[in-house]
$ cat entry.csv   # CSV, N, CA and C atoms
chain,number,residue,atom,x,y,z
A,1,MET,N,19.3,-1.9,-17.0
A,1,MET,CA,18.7,-2.3,-15.8
A,1,MET,C,17.5,-3.2,-16.1
A,2,ASP,N,17.5,-4.5,-15.6
A,2,ASP,CA,16.4,-5.4,-15.9
A,2,ASP,C,15.2,-5.1,-14.9
A,3,LYS,N,14.2,-5.9,-15.2
A,3,LYS,CA,12.9,-5.7,-14.4
A,3,LYS,C,13.1,-5.9,-12.9
A,4,LYS,N,13.9,-7.0,-12.5
A,4,LYS,CA,14.1,-7.3,-11.1
A,4,LYS,C,14.9,-6.2,-10.4
A,5,GLU,N,15.9,-5.6,-11.1
A,5,GLU,CA,16.7,-4.6,-10.6
A,5,GLU,C,15.8,-3.3,-10.3
A,6,LYS,N,15.0,-3.0,-11.3
A,6,LYS,CA,14.1,-1.9,-11.2
A,6,LYS,C,13.2,-2.0,-10.0
A,7,GLU,N,12.6,-3.3,-9.8
A,7,GLU,CA,11.7,-3.6,-8.7
A,7,GLU,C,12.5,-3.4,-7.4
A,8,ALA,N,13.7,-3.9,-7.3
A,8,ALA,CA,14.4,-3.8,-6.0
A,8,ALA,C,14.7,-2.4,-5.7
A,9,LEU,N,15.0,-1.6,-6.7
A,9,LEU,CA,15.3,-0.1,-6.5
A,9,LEU,C,14.0,0.6,-6.0
A,10,ARG,N,12.9,0.3,-6.6
A,10,ARG,CA,11.6,0.9,-6.3
A,10,ARG,C,11.3,0.6,-4.8
A,11,TYR,N,11.4,-0.7,-4.4
A,11,TYR,CA,11.1,-1.1,-3.0
A,11,TYR,C,12.1,-0.5,-2.0
A,12,GLY,N,13.3,-0.2,-2.4
A,12,GLY,CA,14.3,0.3,-1.5
A,12,GLY,C,14.3,1.8,-1.4
A,13,THR,N,13.6,2.5,-2.3
A,13,THR,CA,13.6,4.0,-2.2
A,13,THR,C,12.3,4.7,-2.0
A,14,MET,N,11.2,4.0,-2.2
A,14,MET,CA,9.9,4.6,-2.0
A,14,MET,C,9.5,4.6,-0.5
A,15,PHE,N,9.0,5.7,-0.1
A,15,PHE,CA,8.4,5.8,1.3
A,15,PHE,C,9.4,5.4,2.4
A,16,LEU,N,10.6,5.9,2.3
A,16,LEU,CA,11.6,5.5,3.2
A,16,LEU,C,11.3,5.8,4.7
A,17,HIS,N,10.6,6.9,4.9
A,17,HIS,CA,10.3,7.3,6.3
A,17,HIS,C,9.1,6.6,6.9
A,18,TYR,N,8.5,5.6,6.2
A,18,TYR,CA,7.4,4.8,6.7
A,18,TYR,C,7.9,3.5,7.2
A,19,PRO,N,7.3,2.9,8.2
A,19,PRO,CA,7.8,1.5,8.7
A,19,PRO,C,7.3,0.5,7.7
A,20,ASP,N,7.8,-0.7,7.8
A,20,ASP,CA,7.5,-1.8,6.9
A,20,ASP,C,6.0,-2.3,7.1
A,21,ALA,N,5.5,-2.2,8.3
A,21,ALA,CA,4.1,-2.6,8.6
A,21,ALA,C,3.3,-1.3,8.9
A,22,LEU,N,2.4,-1.0,8.1
A,22,LEU,CA,1.7,0.3,8.1
A,22,LEU,C,0.3,0.2,8.8
A,23,THR,N,-0.2,1.3,9.3
A,23,THR,CA,-1.6,1.4,9.8
A,23,THR,C,-2.4,1.9,8.6
A,24,PRO,N,-3.7,1.8,8.7
A,24,PRO,CA,-4.5,2.4,7.6
A,24,PRO,C,-4.3,3.9,7.5
A,25,ARG,N,-4.1,4.5,8.6
A,25,ARG,CA,-3.8,6.0,8.6
A,25,ARG,C,-2.6,6.3,7.8
A,26,GLN,N,-1.6,5.5,7.9
A,26,GLN,CA,-0.3,5.8,7.2
A,26,GLN,C,-0.6,5.5,5.7
A,27,VAL,N,-1.4,4.5,5.4
A,27,VAL,CA,-1.7,4.2,4.0
A,27,VAL,C,-2.4,5.4,3.4
A,28,GLN,N,-3.4,6.0,4.1
A,28,GLN,CA,-4.1,7.2,3.7
A,28,GLN,C,-3.1,8.3,3.3
A,29,GLU,N,-2.1,8.5,4.2
A,29,GLU,CA,-1.1,9.6,3.9
A,29,GLU,C,-0.3,9.3,2.7
A,30,MET,N,0.1,8.0,2.5
A,30,MET,CA,0.9,7.7,1.4
A,30,MET,C,0.2,7.8,0.1
A,31,LEU,N,-1.1,7.5,0.1
A,31,LEU,CA,-1.9,7.5,-1.2
A,31,LEU,C,-2.6,8.8,-1.4
A,32,GLY,N,-2.7,9.6,-0.3
A,32,GLY,CA,-3.5,10.9,-0.4
A,32,GLY,C,-5.0,10.7,-0.6
A,33,VAL,N,-5.5,9.6,0.0
A,33,VAL,CA,-6.9,9.4,-0.1
A,33,VAL,C,-7.6,9.4,1.3
A,34,GLY,N,-8.9,9.4,1.3
A,34,GLY,CA,-9.6,9.5,2.6
A,34,GLY,C,-9.7,8.1,3.3
A,35,GLN,N,-10.3,8.2,4.5
A,35,GLN,CA,-10.4,7.0,5.3
A,35,GLN,C,-11.3,6.0,4.7
A,36,ARG,N,-12.5,6.4,4.1
A,36,ARG,CA,-13.4,5.5,3.5
A,36,ARG,C,-12.8,4.8,2.3
A,37,MET,N,-12.1,5.5,1.5
A,37,MET,CA,-11.4,4.9,0.3
A,37,MET,C,-10.3,3.8,0.8
A,38,THR,N,-9.6,4.2,1.8
A,38,THR,CA,-8.5,3.3,2.3
A,38,THR,C,-9.1,2.0,2.8
A,39,TYR,N,-10.2,2.1,3.6
A,39,TYR,CA,-10.8,0.9,4.2
A,39,TYR,C,-11.5,0.1,3.0
A,40,SER,N,-12.0,0.7,2.1
A,40,SER,CA,-12.6,0.0,0.9
A,40,SER,C,-11.5,-0.8,0.2
A,41,LEU,N,-10.4,-0.2,-0.1
A,41,LEU,CA,-9.3,-0.9,-0.8
A,41,LEU,C,-8.8,-2.1,0.0
A,42,LEU,N,-8.8,-1.9,1.4
A,42,LEU,CA,-8.3,-3.0,2.2
A,42,LEU,C,-9.4,-4.1,2.3
A,43,ARG,N,-10.6,-3.8,2.4
A,43,ARG,CA,-11.7,-4.8,2.5
A,43,ARG,C,-11.8,-5.6,1.2
A,44,GLU,N,-11.7,-4.9,0.1
A,44,GLU,CA,-11.9,-5.5,-1.2
A,44,GLU,C,-10.6,-6.3,-1.7
A,45,GLY,N,-9.5,-6.2,-0.9
A,45,GLY,CA,-8.3,-6.9,-1.2
A,45,GLY,C,-7.5,-6.3,-2.3
A,46,LYS,N,-7.8,-5.1,-2.7
A,46,LYS,CA,-7.0,-4.4,-3.7
A,46,LYS,C,-5.6,-4.0,-3.2
A,47,ILE,N,-5.5,-3.8,-1.9
A,47,ILE,CA,-4.2,-3.7,-1.2
A,47,ILE,C,-4.2,-4.8,-0.2
A,48,GLN,N,-3.2,-5.6,-0.3
A,48,GLN,CA,-3.0,-6.8,0.6
A,48,GLN,C,-2.8,-6.2,2.1
A,49,SER,N,-3.5,-6.9,3.0
A,49,SER,CA,-3.4,-6.5,4.4
A,49,SER,C,-3.6,-7.7,5.3
A,50,VAL,N,-3.2,-7.6,6.6
A,50,VAL,CA,-3.4,-8.6,7.6
A,50,VAL,C,-4.4,-8.0,8.6
A,51,ARG,N,-5.4,-8.7,8.9
A,51,ARG,CA,-6.4,-8.2,9.9
A,51,ARG,C,-6.2,-9.0,11.2
A,52,MET,N,-6.0,-8.3,12.3
A,52,MET,CA,-5.8,-8.8,13.6
A,52,MET,C,-6.9,-8.3,14.5
A,53,GLY,N,-8.0,-9.0,14.6
A,53,GLY,CA,-9.2,-8.5,15.3
A,53,GLY,C,-9.8,-7.4,14.5
A,54,ARG,N,-9.8,-6.2,15.2
A,54,ARG,CA,-10.3,-5.0,14.5
A,54,ARG,C,-9.2,-4.2,13.8
A,55,LEU,N,-8.0,-4.6,14.0
A,55,LEU,CA,-6.8,-3.8,13.4
A,55,LEU,C,-6.4,-4.3,12.1
A,56,TYR,N,-6.0,-3.4,11.2
A,56,TYR,CA,-5.4,-3.8,9.9
A,56,TYR,C,-3.9,-3.4,10.0
A,57,ARG,N,-3.1,-4.3,9.4
A,57,ARG,CA,-1.7,-3.9,9.2
A,57,ARG,C,-1.4,-4.2,7.7
A,58,VAL,N,-0.7,-3.3,7.1
A,58,VAL,CA,-0.5,-3.3,5.7
A,58,VAL,C,1.0,-3.3,5.4
A,59,PRO,N,1.5,-4.3,4.7
A,59,PRO,CA,2.9,-4.3,4.3
A,59,PRO,C,3.2,-3.1,3.4
A,60,LYS,N,4.3,-2.4,3.6
A,60,LYS,CA,4.6,-1.2,2.8
A,60,LYS,C,4.7,-1.7,1.3
A,61,SER,N,5.3,-2.9,1.1
A,61,SER,CA,5.4,-3.4,-0.3
A,61,SER,C,4.0,-3.5,-1.0
A,62,ALA,N,3.0,-3.8,-0.2
A,62,ALA,CA,1.6,-4.0,-0.8
A,62,ALA,C,1.1,-2.6,-1.3
A,63,VAL,N,1.5,-1.5,-0.7
A,63,VAL,CA,1.1,-0.2,-1.1
A,63,VAL,C,1.8,0.1,-2.4
A,64,ILE,N,3.1,-0.2,-2.4
A,64,ILE,CA,3.9,0.1,-3.6
A,64,ILE,C,3.4,-0.8,-4.8
A,65,ASP,N,3.1,-2.1,-4.5
A,65,ASP,CA,2.5,-2.9,-5.6
A,65,ASP,C,1.2,-2.3,-6.1
A,66,TYR,N,0.4,-1.8,-5.2
A,66,TYR,CA,-0.9,-1.2,-5.7
A,66,TYR,C,-0.6,0.0,-6.6
A,67,LEU,N,0.3,0.8,-6.2
A,67,LEU,CA,0.6,2.0,-7.0
A,67,LEU,C,1.1,1.6,-8.4
A,68,TYR,N,1.9,0.5,-8.5
A,68,TYR,CA,2.5,0.1,-9.8
A,68,TYR,C,1.6,-0.8,-10.6
A,69,SER,N,0.5,-1.3,-10.0
A,69,SER,CA,-0.4,-2.2,-10.7
A,69,SER,C,-1.2,-1.5,-11.7
A,70,GLY,N,-1.4,-0.2,-11.6
A,70,GLY,CA,-2.2,0.5,-12.6
A,70,GLY,C,-3.7,0.3,-12.3
A,71,GLU,N,-4.1,-0.4,-11.2
A,71,GLU,CA,-5.5,-0.6,-10.9
A,71,GLU,C,-6.0,0.7,-10.3
A,72,ARG,N,-7.2,1.2,-10.9
A,72,ARG,CA,-7.8,2.4,-10.4
A,72,ARG,C,-9.2,2.1,-10.1
A,73,ASP,N,-9.7,2.8,-9.0
A,73,ASP,CA,-11.1,2.7,-8.6
A,73,ASP,C,-11.9,3.7,-9.4
A,74,SER,N,-13.1,3.3,-9.8
A,74,SER,CA,-13.9,4.2,-10.7
A,74,SER,C,-14.8,5.2,-9.9
A,75,ARG,N,-14.5,5.3,-8.5
A,75,ARG,CA,-15.4,6.1,-7.7
A,75,ARG,C,-15.0,7.6,-7.9

$ encode --input "entry.csv" --output "structure tokens"
Amino acid sequence: MDKKEKEALRYGTMFLHYPDALTPRQVQEMLGVGQRMTYSLLREGKIQSVRMGRLYRVPKSAVIDYLYSGERDSR
């Protein structure tokens, strides 16, 4: 299985019961972190998101990318 096949499998099987566009609360649940950490990750651009006024929406693929990026916060 090559890298592209592994990536397609990962995106097709992780977090199946979550919608494709997530709220920050759903991101919290997925990552098992608190509200402050979630908003910090979104504000700093560590997890890609779209801001519409005061609301954030996060692509599910951005959360999966973050998990596989190996990037960790030192807090």

$ closest_residue --input "entry.csv" --among "A:Arg57, A:Lys6, A:Lys46, A:Arg51" --to "Pro24 in chain A" --atoms "only C-alpha atoms"
A:Arg57

$ closest_residue --input "entry.csv" --among "A:Gly12, A:Val27, A:Met37, A:Gly45" --to "Val63 in chain A" --atoms "only N, CA and C atoms"
A:Val27

$ atom_distance --input "entry.csv" --atom1 "CA of Arg43 in chain A" --atom2 "CA of Pro19 in chain A"
21.4 Å

$ atom_distance --input "entry.csv" --atom1 "atom N of Gln48 in chain A" --atom2 "atom C of Ser61 in chain A"
7.5 Å

$ select_by_dssp --input "entry.csv" --residues "chain A" --states "helix (DSSP H, G or I)" --output "PyMOL selection string"
chain A and resi 3-13+24-31+35-43+60-69

$ write_last_selection --input "entry.csv" --atoms "N, CA and C atoms" --output "tab-separated table (two decimals), in the frame of the given file"
chain	number	residue	atom	x	y	z
A	3	LYS	N	14.20	-5.90	-15.20
A	3	LYS	CA	12.90	-5.70	-14.40
A	3	LYS	C	13.10	-5.90	-12.90
A	4	LYS	N	13.90	-7.00	-12.50
A	4	LYS	CA	14.10	-7.30	-11.10
A	4	LYS	C	14.90	-6.20	-10.40
A	5	GLU	N	15.90	-5.60	-11.10
A	5	GLU	CA	16.70	-4.60	-10.60
A	5	GLU	C	15.80	-3.30	-10.30
A	6	LYS	N	15.00	-3.00	-11.30
A	6	LYS	CA	14.10	-1.90	-11.20
A	6	LYS	C	13.20	-2.00	-10.00
A	7	GLU	N	12.60	-3.30	-9.80
A	7	GLU	CA	11.70	-3.60	-8.70
A	7	GLU	C	12.50	-3.40	-7.40
A	8	ALA	N	13.70	-3.90	-7.30
A	8	ALA	CA	14.40	-3.80	-6.00
A	8	ALA	C	14.70	-2.40	-5.70
A	9	LEU	N	15.00	-1.60	-6.70
A	9	LEU	CA	15.30	-0.10	-6.50
A	9	LEU	C	14.00	0.60	-6.00
A	10	ARG	N	12.90	0.30	-6.60
A	10	ARG	CA	11.60	0.90	-6.30
A	10	ARG	C	11.30	0.60	-4.80
A	11	TYR	N	11.40	-0.70	-4.40
A	11	TYR	CA	11.10	-1.10	-3.00
A	11	TYR	C	12.10	-0.50	-2.00
A	12	GLY	N	13.30	-0.20	-2.40
A	12	GLY	CA	14.30	0.30	-1.50
A	12	GLY	C	14.30	1.80	-1.40
A	13	THR	N	13.60	2.50	-2.30
A	13	THR	CA	13.60	4.00	-2.20
A	13	THR	C	12.30	4.70	-2.00
A	24	PRO	N	-3.70	1.80	8.70
A	24	PRO	CA	-4.50	2.40	7.60
A	24	PRO	C	-4.30	3.90	7.50
A	25	ARG	N	-4.10	4.50	8.60
A	25	ARG	CA	-3.80	6.00	8.60
A	25	ARG	C	-2.60	6.30	7.80
A	26	GLN	N	-1.60	5.50	7.90
A	26	GLN	CA	-0.30	5.80	7.20
A	26	GLN	C	-0.60	5.50	5.70
A	27	VAL	N	-1.40	4.50	5.40
A	27	VAL	CA	-1.70	4.20	4.00
A	27	VAL	C	-2.40	5.40	3.40
A	28	GLN	N	-3.40	6.00	4.10
A	28	GLN	CA	-4.10	7.20	3.70
A	28	GLN	C	-3.10	8.30	3.30
A	29	GLU	N	-2.10	8.50	4.20
A	29	GLU	CA	-1.10	9.60	3.90
A	29	GLU	C	-0.30	9.30	2.70
A	30	MET	N	0.10	8.00	2.50
A	30	MET	CA	0.90	7.70	1.40
A	30	MET	C	0.20	7.80	0.10
A	31	LEU	N	-1.10	7.50	0.10
A	31	LEU	CA	-1.90	7.50	-1.20
A	31	LEU	C	-2.60	8.80	-1.40
A	35	GLN	N	-10.30	8.20	4.50
A	35	GLN	CA	-10.40	7.00	5.30
A	35	GLN	C	-11.30	6.00	4.70
A	36	ARG	N	-12.50	6.40	4.10
A	36	ARG	CA	-13.40	5.50	3.50
A	36	ARG	C	-12.80	4.80	2.30
A	37	MET	N	-12.10	5.50	1.50
A	37	MET	CA	-11.40	4.90	0.30
A	37	MET	C	-10.30	3.80	0.80
A	38	THR	N	-9.60	4.20	1.80
A	38	THR	CA	-8.50	3.30	2.30
A	38	THR	C	-9.10	2.00	2.80
A	39	TYR	N	-10.20	2.10	3.60
A	39	TYR	CA	-10.80	0.90	4.20
A	39	TYR	C	-11.50	0.10	3.00
A	40	SER	N	-12.00	0.70	2.10
A	40	SER	CA	-12.60	0.00	0.90
A	40	SER	C	-11.50	-0.80	0.20
A	41	LEU	N	-10.40	-0.20	-0.10
A	41	LEU	CA	-9.30	-0.90	-0.80
A	41	LEU	C	-8.80	-2.10	0.00
A	42	LEU	N	-8.80	-1.90	1.40
A	42	LEU	CA	-8.30	-3.00	2.20
A	42	LEU	C	-9.40	-4.10	2.30
A	43	ARG	N	-10.60	-3.80	2.40
A	43	ARG	CA	-11.70	-4.80	2.50
A	43	ARG	C	-11.80	-5.60	1.20
A	60	LYS	N	4.30	-2.40	3.60
A	60	LYS	CA	4.60	-1.20	2.80
A	60	LYS	C	4.70	-1.70	1.30
A	61	SER	N	5.30	-2.90	1.10
A	61	SER	CA	5.40	-3.40	-0.30
A	61	SER	C	4.00	-3.50	-1.00
A	62	ALA	N	3.00	-3.80	-0.20
A	62	ALA	CA	1.60	-4.00	-0.80
A	62	ALA	C	1.10	-2.60	-1.30
A	63	VAL	N	1.50	-1.50	-0.70
A	63	VAL	CA	1.10	-0.20	-1.10
A	63	VAL	C	1.80	0.10	-2.40
A	64	ILE	N	3.10	-0.20	-2.40
A	64	ILE	CA	3.90	0.10	-3.60
A	64	ILE	C	3.40	-0.80	-4.80
A	65	ASP	N	3.10	-2.10	-4.50
A	65	ASP	CA	2.50	-2.90	-5.60
A	65	ASP	C	1.20	-2.30	-6.10
A	66	TYR	N	0.40	-1.80	-5.20
A	66	TYR	CA	-0.90	-1.20	-5.70
A	66	TYR	C	-0.60	0.00	-6.60
A	67	LEU	N	0.30	0.80	-6.20
A	67	LEU	CA	0.60	2.00	-7.00
A	67	LEU	C	1.10	1.60	-8.40
A	68	TYR	N	1.90	0.50	-8.50
A	68	TYR	CA	2.50	0.10	-9.80
A	68	TYR	C	1.60	-0.80	-10.60
A	69	SER	N	0.50	-1.30	-10.00
A	69	SER	CA	-0.40	-2.20	-10.70
A	69	SER	C	-1.20	-1.50	-11.70

$ closest_residue --input "entry.csv" --among "A:Leu67, A:Leu55, A:Val50, A:Met1" --to "Met30 in chain A" --atoms "only C-alpha atoms"
A:Leu67

$ residues_near_point --input "entry.csv" --point "(6.6, 0.3, -8.8)" --cutoff "7 Å" --atoms "only C-alpha atoms" --output "PyMOL selection string"
chain A and resi 7+10+64-65+67-68

$ decode --input "entry.csv" --residues "range 36-73 of chain A" --atoms "C-alpha atoms" --output "short mmCIF file (atom, residue, chain, number, x, y, z; two decimals), in the first residue's frame"
data_model
loop_
_atom_site.label_atom_id
_atom_site.label_comp_id
_atom_site.auth_asym_id
_atom_site.auth_seq_id
_atom_site.Cartn_x
_atom_site.Cartn_y
_atom_site.Cartn_z
CA ARG A 36 -8.71 26.86 25.82
CA MET A 37 -6.34 24.50 24.00
CA THR A 38 -8.79 24.04 21.13
CA TYR A 39 -9.18 27.77 20.51
CA SER A 40 -5.44 28.26 20.84
CA LEU A 41 -4.79 25.66 18.13
CA LEU A 42 -7.36 27.34 15.88
CA ARG A 43 -6.13 30.92 16.47
CA GLU A 44 -2.49 29.95 15.89
CA GLY A 45 -3.37 28.14 12.66
CA LYS A 46 -2.08 24.78 13.87
CA ILE A 47 -5.44 23.36 12.84
CA GLN A 48 -6.88 24.85 9.66
CA SER A 49 -10.25 26.50 10.17
CA VAL A 50 -12.67 28.95 8.64
CA ARG A 51 -13.94 31.83 10.71
CA MET A 52 -17.38 33.25 9.97
CA GLY A 53 -17.90 36.21 12.26
CA ARG A 54 -17.52 34.78 15.75
CA LEU A 55 -17.97 31.16 14.64
CA TYR A 56 -15.25 28.69 13.71
CA ARG A 57 -15.79 25.76 11.39
CA VAL A 58 -13.09 23.14 11.05
CA PRO A 59 -12.77 20.60 8.25
CA LYS A 60 -12.56 17.09 9.67
CA SER A 61 -9.57 16.48 7.40
CA ALA A 62 -7.72 19.36 9.16
CA VAL A 63 -8.04 17.57 12.52
CA ILE A 64 -6.76 14.34 10.99
CA ASP A 65 -3.87 16.25 9.35
CA TYR A 66 -2.98 17.76 12.72
CA LEU A 67 -2.95 14.36 14.39
CA TYR A 68 -0.65 12.93 11.73
CA SER A 69 1.62 15.97 11.52
CA GLY A 70 3.38 15.04 14.75
CA GLU A 71 3.21 18.66 15.89
CA ARG A 72 2.83 18.91 19.64
CA ASP A 73 2.25 21.89 21.85
#
